[in-house]
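Asker: Got a structure for you, questions after.
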Amino acid sequence: MMLQTQRSENLFQQAQNYIPGGVNSPVRAFKAVGGNPLFIKSAEGAYVYDEDDNQYIELINSWGPMILGHRNAKVESALQEALAHSFSFGAPTSREIDIAKLIVEMVPSIEKVRMVNSGTEAAMSALRLARGFTSRTKLIKFEGCYHGHGDSFLIAAGSGALTMGEPNSPGVTKGTAQDTLLASFNDLDSIDRLIVSNPDDIAAIMVEPVAGNMGCVLPKEGFLEGLQERCKKHDILLIFDEVMTGFRLAPGGAQELYGVTPDMSALGKIIGGGLPVGAYGGKQEVMDYVSPSGPVYQAGTLSGNPVAMAAGLAMLKQLKNNLQVYSQLKRTTADIVEGFKENMRKLNVSYTINHVGSMFSLFFTEHPVYDFQSASASDTKLFGAYFQEMLKRGIYLAPSQFEALFISTAIDDSMVETIVRANYESLKAIH
Ligand SMILES: *Cc1c(COP(=O)(O)O)cnc(C)c1O
């Protein structure tokens, strides 16, 4: 069984002449799993097709947005309808009110919302606003959480979880890194120590309420509540980065699922229905601190773009109050996870699977994964081999151990069987 990927390989050679590394976002280059990236030609429902016409069931969903499968009919017709009125005005449109209203109705923490063009922009802008609003400088983030590529967020862990941030990308200055403090996910003591050693200096704690960027890592009971308590007590703003979990774990995101309401939220991915959209929102008092109603500057030539808003609006309308979608996603995911566990029992191997709603990760470690350290114990070489075996069997996983997989409503029972069978054969092949 060999995949024919000649055209993808040719395209990758060409791409590298014109685009750094041949890709416009690093993880797409397959560096973490070996081999060359596939160039995708089209997609429909749960299937993607590469340039060599191979078909795959995909568990990436464009990293989230395709929660209803590719080429969702309502999003597609909303796009067509919008296109006929030109593509951008740089002036207010009524659709921006419609989507803002919908977001306010859906997301518990949001009373007012500003649209931007990516999750990165949403997180960056939310942080600037938190700093402006509190007149404080420092951010606490968690090791292994990703908030886009803004300078303040590209801070790696020191040896302990509590060291002062060191930039993990050249180009991020020491000055910026100093203002980012690192805590351990699921470890409230690490937060307490930072609060004690930086009195009245912390503007915000930003967290992925369910981490998805070190693989899928769930909050332990009381963790999110504990963050909220500490923020209230010390006048720190709690920001949930729900770029991944927003509209995915529930219509109102992880904050609805776990019943913890932050001060602000960053959104992205699903919110644009596949087009480049992000948003940040929160309490009215905080959001009114943004320009032009307040002093904190934030702007965007293409923000609220009419075509993108049409796609996002059509997507969110289908998710609002749609319990059926979320129960289907949950069941499909549970079936896949149960199938994988059964496979592992048969093969006498025991790896860790974390899952919630329509997010899951299979970690190649036998130990529980609850933070960055425990996630890092995974055998990434073995994951790479597993990834390639799954690909050969027509299952396209996210090309890194440290990504969550996403389920869409386009995955039906027979696809679940195919995925579970491929998992069995792939696990067998690498042992
Ligand atoms: C994807 C992601 C981002 C960044 O969003 P982009 O649209 O890629 O800039 C930020 N935070 C989280 C939690 C994400 O998953």
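Order determines the names: the first chain of the structure tokens is A, the second B, and so forth; residues in each chain are numbered 1 upward, and ligands are numbered 1 upward as they are shown.
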With only C-alpha atoms as the counted atoms, please give the residues lying no more than 12 Å from Gly226 of chain A, apart from itself and same-chain residues fewer than 5 positions off, as a list in words.
Answerer: Phe185, Asn186, Asp187, Leu188, Asp189, Ser190, Ile191, Asp192, Ile205, Pro219, Lys220, Glu221, Cys231, Lys232, Lys233, Leu238, Val260, Thr261 and Pro262 of chain A
Asker: Listing only residues of chain A within 9 Å of ligand 1, what is the closest atom pair and its distance in Å (to one decimal) for each, using only C-alpha atoms and all ligand atoms, sorted by chain and residue number ascending, as a tab-separated table?
Answerer:
residue	atom	partner	partner_atom_place_in_ligand_line	distance
A:Ser25	CA	ligand 1	8 (O)	8.5
A:Trp63	CA	ligand 1	1 (C)	7.2
A:Gly64	CA	ligand 1	1 (C)	8.4
A:Asn117	CA	ligand 1	7 (O)	7.5
A:Ser118	CA	ligand 1	7 (O)	3.9
A:Gly119	CA	ligand 1	5 (O)	3.2
A:Thr120	CA	ligand 1	9 (O)	3.5
A:Glu121	CA	ligand 1	9 (O)	6.4
A:Ala122	CA	ligand 1	10 (C)	7.8
A:Ala123	CA	ligand 1	10 (C)	6.6
A:Cys145	CA	ligand 1	13 (C)	7.1
A:Tyr146	CA	ligand 1	11 (N)	5.3
A:His147	CA	ligand 1	11 (N)	3.6
A:Gly148	CA	ligand 1	4 (C)	3.8
A:His149	CA	ligand 1	9 (O)	6.9
A:Gly150	CA	ligand 1	9 (O)	8.8
A:Val207	CA	ligand 1	13 (C)	8.2
A:Glu208	CA	ligand 1	13 (C)	5.6
A:Pro209	CA	ligand 1	13 (C)	8.8
A:Val210	CA	ligand 1	13 (C)	8.7
A:Ala211	CA	ligand 1	13 (C)	7.2
A:Gly212	CA	ligand 1	15 (O)	6.4
A:Asn213	CA	ligand 1	15 (O)	6.3
A:Phe240	CA	ligand 1	13 (C)	8.8
A:Asp241	CA	ligand 1	13 (C)	5.3
A:Glu242	CA	ligand 1	13 (C)	5.8
A:Val243	CA	ligand 1	12 (C)	4.6
A:Met244	CA	ligand 1	15 (O)	4.3
A:Thr245	CA	ligand 1	13 (C)	7.4
A:Ala266	CA	ligand 1	11 (N)	7.6
A:Leu267	CA	ligand 1	11 (N)	7.9
A:Gly268	CA	ligand 1	7 (O)	5.8
A:Lys269	CA	ligand 1	7 (O)	6.1
A:Pro276	CA	ligand 1	7 (O)	7.0
A:Val277	CA	ligand 1	7 (O)	7.3
A:Gly278	CA	ligand 1	7 (O)	6.7
Asker: Would you list the contacts of segment 34-37 of chain A as an NGL selection string, taking every protein, DNA or RNA residue within 8 Å and counting only C-alpha atoms, but skipping same-chain residues closer than 6 positions in sequence?
Answerer: :A and (8-9 or 12 or 28 or 384)
Asker: May I ask which of the residues A:Ile239, A:Leu249, A:Leu129, A:Met415 is the closest one to Asp263 of chain A, counting only C-alpha atoms?
Answerer: A:Ile239
Asker: Please list as a count of residues only every residue within 6 Å of segment 356-362 of chain A, counting only C-alpha atoms and excluding residues in the same chain fewer than 2 positions away.
Answerer: 13
Asker: Tell me which protein, DNA and RNA residues are within 6 Å of Ala203 of chain A, counting only C-alpha atoms, leaving out same-chain ones fewer than 2 positions away, and put them as a list in words.
Answerer: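 The residues that qualify are Ala130, Arg131, Thr134, Arg136, Thr137, Lys138, Leu139 and Ile236 of chain A.
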Asker: Taking the chain letters and numbering used in this document, name the residues of segment 149-241 of chain A that DSSP puts in strand (DSSP E or B), as a ChimeraX atom specification.
Answerer: /A:155-156,164,166-167,180-183,202-207,211,213,215,217,237-241
Asker: Mind giving me the straight-line distance from atom CA of Ala177 of chain A to atom CA of Asp200 of chain A in Å, one decimal?
Answerer: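 According to the coordinates, atom CA of Ala177 of chain A and atom CA of Asp200 of chain A are separated by 18.5 Å.
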Asker: Skipping near chain neighbours, those fewer than 4 positions away, what residues fall within 12 Å of Gly132 of chain A using only C-alpha atoms, listed as a list in words?
Answerer: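 The contact residues come out as Ser125, Ala126, Leu127, Arg128, Arg136, Thr137, Lys138, Ile202, Ala203, Ala204, Leu237, Val286, Met287, Asp288, Tyr289, Val290, Ser291, Gly294, Pro295, Val296, Tyr297 and Gln298 of chain A.
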Asker: Do a neighbour search on segment 72-74 of chain A at 8 Å with only C-alpha atoms, toss out local chain neighbours closer than 4 positions, and write the hits as number ranges by chain.
Answerer: A: 45, 68, 78, 314-315
Asker: Using only C-alpha atoms, which residue out of A:Pro251, A:Pro65, A:Pro170, A:Gly272 lies closest to Val107 of chain A?
Answerer: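 The shortest atom-to-atom distance to Val107 of chain A comes from A:Pro251.
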Asker: Name the closest residue to Ile40 of chain A among the candidates A:Thr5, A:Asn321, A:Asn17, A:Gln401; distances are taken between atoms, counting only C-alpha atoms.
Answerer: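 The closest residue to Ile40 of chain A is A:Thr5.
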Asker: Could you tell me how far atom CA of Ala254 of chain A sits from atom CA of Lys112 of chain A, in Å to one decimal place?
Answerer: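 One can read the atom CA of Lys112 of chain A to atom CA of Ala254 of chain A distance as 18.5 Å.
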Asker: For atom CA of Phe363 of chain A and atom CA of Ser378 of chain A, determine how far apart the two atoms are, in Å to one decimal place.
Answerer: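 If I compute the distance from atom CA of Phe363 of chain A to atom CA of Ser378 of chain A, I get 5.9 Å.
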